[in-house]
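Asker: Would you mind keeping the following structure in view while I ask a few things?
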Amino acid sequence: MPDRLSPPVNVFAGSRLDRMATHRDDAEMLARHLASPQSRFLPLWRGRHLISDAGGVPCAAMPTLAELGAPDLDRHPWAFLGVDGAGGLFAVDLGALDDPAATIDGAPVTWRFEELRPLAALLPREEAALLAQARGLLNWRAAHRYCGVCGAPNRPDQAGNRLVCANGHHGFPRTDPVVIMLVHHRDRALLARGTRFPSGSAVLSALAGFLEPGESAEEAVEREVFEEVGVRVRDVRYHSSQPWPFPGSLMLGYHAEATDTALVLDPAEIVEARWLTREQLRQPDVHGFELPGPIAIARQLVEAWLGED
Ligand SMILES: [Zn+2]
C-alpha cells in the first residue's frame, strides 16, 4: 500500500527552490537578483530547453545573463522562479531568436536546446522540476498575451508570475487538472491505448481525462472511465499527483475498483483496452505490449498496484 503521509515524488515534482512567492512585488529584491552575477537563467526556445551533456550525462544548463549573451529582457518574456543556495533563478523565453545558440557568449559545445520529455527521466530530479516550473510558466505567458476579460494586451506583473491588463484585470498561471486512474477488478488491471497515441505504439496506459467545471476529481474518475470503456467504478483512491508541463497540466493519480469487466469502448477515444493480470504486467514484452515510461505517473500507478500483491 502506498504511504499516505508521504506519497511518491513523481518526475517534475520535488523542487527545493524557494519560490519567494510573497516577495514577487519587491522591486528592489528583483532588481538585485537581475543584476547579480550569481543569478542564472533557464532558457526555453520554441518548446526546447538548454541542456548540457558534459560527460555524457544530461543536466539543465543554467547560464548567467552574461553567458546568455545579455539578451534584451524587454524583448524576451522572463519570470523570476525563486532562489536556491547559489542565487536567483529566472526563466526566459528566447523563442523570438532564430538561433539562440549563436547569441550565447562562448557557449560550451555541450550546450544544446532539447525536447524535455525524452530527457526527463535522465535529468537530476530537482532539475526536471525546475524545467517544469519554467516551462509551465512560460507556456502560460505565451498563451495569454491578451486579457481574457476585456481583450486588452497583458503585461507581466509580480516578477512575471502574474499578468495584468491596462484595465487592471489580473491573470494567474493556469494549471489544468487531469485525472488519471488505474482501474482494477480482482486480480486484473485495465490498460488502454488511446486514439491520440503515436501510430504503431505498443504502449498501453491508464485511462485519463480533463476535469470538467463543477466536478470533483473522484467524480471525474467515475465519469471518464464510464465514457471511455463503459465500466462503473467504486472505491476511488488517491495515489499521488504530478506536474505535467505539456503544456500546463497537473495529473491527479487514482486507483479505482471496477464493479464488472464488460468493456464498451468509445471509438473516438480508445483503440484497444485489455484486462491484464499482475503476471502479464510484470512481463509486458512477452504479452505483446509496452508499459508507459518511467516518467509517467501511469507507470507509478501500475507499480503501486503490483506492489499491493
Ligand atoms: Zn482586461
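Labels used: A, B, ... for chains in the order of the C-alpha cells, numbers from 1 for residues in each chain, and numbers from 1 for ligands as shown.
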As a ChimeraX atom specification, please: every protein or nucleic acid residue near ligand 1 (cut-off 10 Å, counting only C-alpha atoms and all ligand atoms).
Answerer: /A:146-154,163-171
Asker: Contacts of Asp266 (chain A) at 9 Å or less, counting only C-alpha atoms, minus same-chain residues fewer than 6 places along, as a list of chain:residue names?
Answerer: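 Returned residues: A:Glu227, A:Glu228, A:Val229, A:Gly230.
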Asker: Using DSSP on the backbone coordinates, identify the residues of region 168-272 of chain A assigned to helix (DSSP H, G or I); present them as an mmCIF file with C-alpha atoms, in the first residue's frame.
Answerer:
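Saved to states.cif:
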data_model
loop_
_atom_site.group_PDB
_atom_site.id
_atom_site.type_symbol
_atom_site.label_atom_id
_atom_site.label_comp_id
_atom_site.auth_asym_id
_atom_site.auth_seq_id
_atom_site.Cartn_x
_atom_site.Cartn_y
_atom_site.Cartn_z
ATOM 1 C CA ALA A 217 -11.725 14.678 -9.095
ATOM 2 C CA GLU A 218 -13.382 11.477 -7.855
ATOM 3 C CA GLU A 219 -16.469 12.212 -9.953
ATOM 4 C CA ALA A 220 -14.254 12.849 -12.981
ATOM 5 C CA VAL A 221 -12.644 9.422 -12.467
ATOM 6 C CA GLU A 222 -16.068 7.758 -12.441
ATOM 7 C CA ARG A 223 -17.311 9.715 -15.483
ATOM 8 C CA GLU A 224 -14.187 9.289 -17.627
ATOM 9 C CA VAL A 225 -13.935 5.537 -17.019
ATOM 10 C CA PHE A 226 -17.589 5.043 -17.933
ATOM 11 C CA GLU A 227 -17.334 7.279 -21.025
ATOM 12 C CA GLU A 228 -14.155 5.661 -22.332
ATOM 13 C CA VAL A 229 -14.701 1.956 -21.596
#
Asker: From a backbone DSSP assignment, name each residue in region 167-227 of chain A labelled strand (DSSP E or B), as a list in words.
Answerer: His170, Gly171, Asp176, Pro177, Val178, Val179, Ile180, Met181, Leu182, Val183, His184, His185, Arg188, Ala189, Leu190, Leu191, Ala192, Arg193, Gly194, Val203, Ser205, Leu207, Ala208, Gly209 and Phe210 of chain A
Asker: Only N, CA and C atoms, please: the residues just picked out, written as a PDB file, in the first residue's frame.
Answerer:
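What follows is the written file out-v8.pdb:
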ATOM      1  N   HIS A 170      -6.512  40.953 -13.573  1.00  0.00           N
ATOM      2  CA  HIS A 170      -5.354  40.101 -13.305  1.00  0.00           C
ATOM      3  C   HIS A 170      -5.553  38.696 -13.868  1.00  0.00           C
ATOM      4  N   GLY A 171      -4.462  38.116 -14.347  1.00  0.00           N
ATOM      5  CA  GLY A 171      -4.465  36.717 -14.771  1.00  0.00           C
ATOM      6  C   GLY A 171      -3.396  35.963 -14.009  1.00  0.00           C
ATOM      7  N   ASP A 176      -4.110  23.011 -15.536  1.00  0.00           N
ATOM      8  CA  ASP A 176      -5.331  22.282 -15.888  1.00  0.00           C
ATOM      9  C   ASP A 176      -5.297  20.878 -15.275  1.00  0.00           C
ATOM     10  N   PRO A 177      -6.213  20.582 -14.346  1.00  0.00           N
ATOM     11  CA  PRO A 177      -6.188  19.256 -13.719  1.00  0.00           C
ATOM     12  C   PRO A 177      -6.699  18.146 -14.635  1.00  0.00           C
ATOM     13  N   VAL A 178      -5.974  17.039 -14.592  1.00  0.00           N
ATOM     14  CA  VAL A 178      -6.322  15.837 -15.353  1.00  0.00           C
ATOM     15  C   VAL A 178      -6.374  14.674 -14.369  1.00  0.00           C
ATOM     16  N   VAL A 179      -7.426  13.884 -14.395  1.00  0.00           N
ATOM     17  CA  VAL A 179      -7.425  12.652 -13.592  1.00  0.00           C
ATOM     18  C   VAL A 179      -6.865  11.519 -14.438  1.00  0.00           C
ATOM     19  N   ILE A 180      -6.043  10.685 -13.796  1.00  0.00           N
ATOM     20  CA  ILE A 180      -5.504   9.501 -14.465  1.00  0.00           C
ATOM     21  C   ILE A 180      -5.672   8.348 -13.491  1.00  0.00           C
ATOM     22  N   MET A 181      -6.252   7.230 -13.965  1.00  0.00           N
ATOM     23  CA  MET A 181      -6.670   6.222 -12.994  1.00  0.00           C
ATOM     24  C   MET A 181      -6.390   4.816 -13.492  1.00  0.00           C
ATOM     25  N   LEU A 182      -5.812   4.020 -12.596  1.00  0.00           N
ATOM     26  CA  LEU A 182      -5.653   2.598 -12.886  1.00  0.00           C
ATOM     27  C   LEU A 182      -6.867   1.879 -12.313  1.00  0.00           C
ATOM     28  N   VAL A 183      -7.711   1.342 -13.234  1.00  0.00           N
ATOM     29  CA  VAL A 183      -8.907   0.609 -12.830  1.00  0.00           C
ATOM     30  C   VAL A 183      -8.530  -0.861 -12.667  1.00  0.00           C
ATOM     31  N   HIS A 184      -8.966  -1.454 -11.560  1.00  0.00           N
ATOM     32  CA  HIS A 184      -8.658  -2.871 -11.350  1.00  0.00           C
ATOM     33  C   HIS A 184      -9.940  -3.615 -10.978  1.00  0.00           C
ATOM     34  N   HIS A 185      -9.905  -4.931 -11.193  1.00  0.00           N
ATOM     35  CA  HIS A 185     -11.021  -5.803 -10.819  1.00  0.00           C
ATOM     36  C   HIS A 185     -10.418  -7.123 -10.382  1.00  0.00           C
ATOM     37  N   ARG A 188      -6.936  -8.362 -11.850  1.00  0.00           N
ATOM     38  CA  ARG A 188      -6.557  -7.784 -13.147  1.00  0.00           C
ATOM     39  C   ARG A 188      -6.732  -6.256 -13.132  1.00  0.00           C
ATOM     40  N   ALA A 189      -5.898  -5.594 -13.928  1.00  0.00           N
ATOM     41  CA  ALA A 189      -5.988  -4.136 -14.068  1.00  0.00           C
ATOM     42  C   ALA A 189      -6.220  -3.795 -15.534  1.00  0.00           C
ATOM     43  N   LEU A 190      -6.828  -2.667 -15.766  1.00  0.00           N
ATOM     44  CA  LEU A 190      -7.240  -2.266 -17.112  1.00  0.00           C
ATOM     45  C   LEU A 190      -6.275  -1.218 -17.671  1.00  0.00           C
ATOM     46  N   LEU A 191      -5.665  -1.545 -18.810  1.00  0.00           N
ATOM     47  CA  LEU A 191      -4.845  -0.567 -19.526  1.00  0.00           C
ATOM     48  C   LEU A 191      -5.401  -0.415 -20.935  1.00  0.00           C
ATOM     49  N   ALA A 192      -5.150   0.753 -21.523  1.00  0.00           N
ATOM     50  CA  ALA A 192      -5.760   1.043 -22.825  1.00  0.00           C
ATOM     51  C   ALA A 192      -4.808   1.836 -23.704  1.00  0.00           C
ATOM     52  N   ARG A 193      -5.090   1.756 -25.004  1.00  0.00           N
ATOM     53  CA  ARG A 193      -4.362   2.581 -25.977  1.00  0.00           C
ATOM     54  C   ARG A 193      -5.337   3.603 -26.536  1.00  0.00           C
ATOM     55  N   GLY A 194      -4.991   4.863 -26.377  1.00  0.00           N
ATOM     56  CA  GLY A 194      -5.866   5.924 -26.836  1.00  0.00           C
ATOM     57  C   GLY A 194      -5.666   6.237 -28.306  1.00  0.00           C
ATOM     58  N   VAL A 203       2.266   0.836 -26.584  1.00  0.00           N
ATOM     59  CA  VAL A 203       2.067   1.217 -25.180  1.00  0.00           C
ATOM     60  C   VAL A 203       0.593   1.102 -24.801  1.00  0.00           C
ATOM     61  N   SER A 205      -1.750   2.215 -21.464  1.00  0.00           N
ATOM     62  CA  SER A 205      -1.602   3.099 -20.311  1.00  0.00           C
ATOM     63  C   SER A 205      -2.900   3.169 -19.515  1.00  0.00           C
ATOM     64  N   LEU A 207      -6.271   4.995 -18.042  1.00  0.00           N
ATOM     65  CA  LEU A 207      -7.257   5.934 -18.593  1.00  0.00           C
ATOM     66  C   LEU A 207      -7.042   7.304 -17.966  1.00  0.00           C
ATOM     67  N   ALA A 208      -7.388   8.346 -18.715  1.00  0.00           N
ATOM     68  CA  ALA A 208      -7.174   9.704 -18.209  1.00  0.00           C
ATOM     69  C   ALA A 208      -8.141  10.660 -18.886  1.00  0.00           C
ATOM     70  N   GLY A 209      -8.379  11.801 -18.234  1.00  0.00           N
ATOM     71  CA  GLY A 209      -9.214  12.815 -18.856  1.00  0.00           C
ATOM     72  C   GLY A 209      -9.229  14.104 -18.043  1.00  0.00           C
ATOM     73  N   PHE A 210      -9.574  15.198 -18.701  1.00  0.00           N
ATOM     74  CA  PHE A 210      -9.633  16.503 -18.033  1.00  0.00           C
ATOM     75  C   PHE A 210     -10.862  16.595 -17.139  1.00  0.00           C
TER      76      PHE A 210
END
Asker: Write out as JSON lines a residue-level contact list of region 241-266 of chain A versus region 275-299 of chain A with cut-off 9 Å: for each qualifying residue the closest pair of atoms and the distance in Å to one decimal, counting only C-alpha atoms, rows sorted by chain and residue number upward.
Answerer:
{"residue": "A:Ser241", "atom": "CA", "partner": "A:Ile297", "partner_atom": "CA", "distance": 7.7}
{"residue": "A:Gln242", "atom": "CA", "partner": "A:Ile297", "partner_atom": "CA", "distance": 6.8}
{"residue": "A:Met251", "atom": "CA", "partner": "A:Ile297", "partner_atom": "CA", "distance": 7.6}
{"residue": "A:Leu252", "atom": "CA", "partner": "A:Ile297", "partner_atom": "CA", "distance": 8.7}
{"residue": "A:Gly253", "atom": "CA", "partner": "A:Ile297", "partner_atom": "CA", "distance": 6.9}
{"residue": "A:Thr261", "atom": "CA", "partner": "A:Trp275", "partner_atom": "CA", "distance": 8.0}
Asker: Could you tell me how far CA of Ala91 (chain A) lies from CA of Ala132 (chain A), in Å and to one decimal?
Answerer: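 Straight-line distance from CA of Ala91 (chain A) to CA of Ala132 (chain A) works out to 10.5 Å.
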Asker: From the set A:Ala31, A:Ala101, A:Leu94, A:Ala13, which residue has the shortest atom-to-atom contact distance to Pro124 (chain A), counting only C-alpha atoms?
Answerer: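 Closest candidate: A:Ala13.
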Asker: Nearest to Leu123 (chain A): which of A:Trp111, A:Trp244, A:Phe12, A:Phe197 is it, counting only C-alpha atoms?
Answerer: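 Closest residue, counting only C-alpha atoms: A:Phe12.
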Asker: Write out as a PyMOL selection string each polymer residue whose atoms come within 12 Å of Gly55 (chain A), counting only C-alpha atoms; drop sequence neighbours fewer than 2 positions from it.
Answerer: chain A and resi 52-53+57-59+109-111
Asker: Which value, in Å to one decimal, gives the distance between CA of Ala102 (chain A) and CA of Arg125 (chain A)?
Answerer: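 CA of Arg125 (chain A) lies at a distance of 29.0 Å from CA of Ala102 (chain A).
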Asker: Which one is closest to Ala206 (chain A): A:Ala273, A:Leu122, A:Leu89, A:Leu34? Count only C-alpha atoms.
Answerer: A:Ala273
Asker: I'd like the neighbourhood of Ala142 (chain A) as a PyMOL selection string, where a residue qualifies if any of its atoms comes within 12 Å (using only C-alpha atoms), though same-chain residues fewer than 6 positions away should be ignored.
Answerer: chain A and resi 44-47+76-78+92-96+135-136+154-156+160+163+173-174+247-248
Asker: Generate the output file for the selected residues, C-alpha atoms, as a compact mmCIF listing (two decimals), in the first residue's frame.
Answerer:
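Printed below is part.txt as written:
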# COMPACT_ATOMS: atom_id res chain seq x y z
CA LEU A 44 13.29 28.00 -23.29
CA TRP A 45 13.41 28.12 -27.08
CA ARG A 46 10.36 27.03 -29.07
CA GLY A 47 9.48 24.30 -26.59
CA HIS A 76 12.09 38.23 -24.33
CA PRO A 77 9.44 37.14 -21.80
CA TRP A 78 11.03 36.23 -18.49
CA VAL A 92 13.46 33.31 -20.16
CA ASP A 93 11.69 32.60 -23.45
CA LEU A 94 14.13 33.06 -26.36
CA GLY A 95 11.59 31.92 -28.97
CA ALA A 96 11.92 35.25 -30.85
CA ARG A 135 8.14 25.67 -18.95
CA GLY A 136 4.71 25.74 -17.35
CA ASN A 154 -1.49 41.81 -20.96
CA ARG A 155 1.79 42.81 -19.35
CA PRO A 156 3.75 40.82 -16.78
CA GLY A 160 6.45 37.57 -14.39
CA LEU A 163 -0.45 39.16 -15.81
CA PRO A 173 -0.88 30.97 -14.01
CA ARG A 174 -3.19 28.25 -15.28
CA PRO A 247 1.62 22.48 -21.85
CA GLY A 248 0.31 23.08 -18.31
Asker: Pick out the closest residue to Met29 (chain A) from this set: A:Asp99, A:Leu68, A:Phe80, A:Leu42. Count only C-alpha atoms.
Answerer: A:Phe80
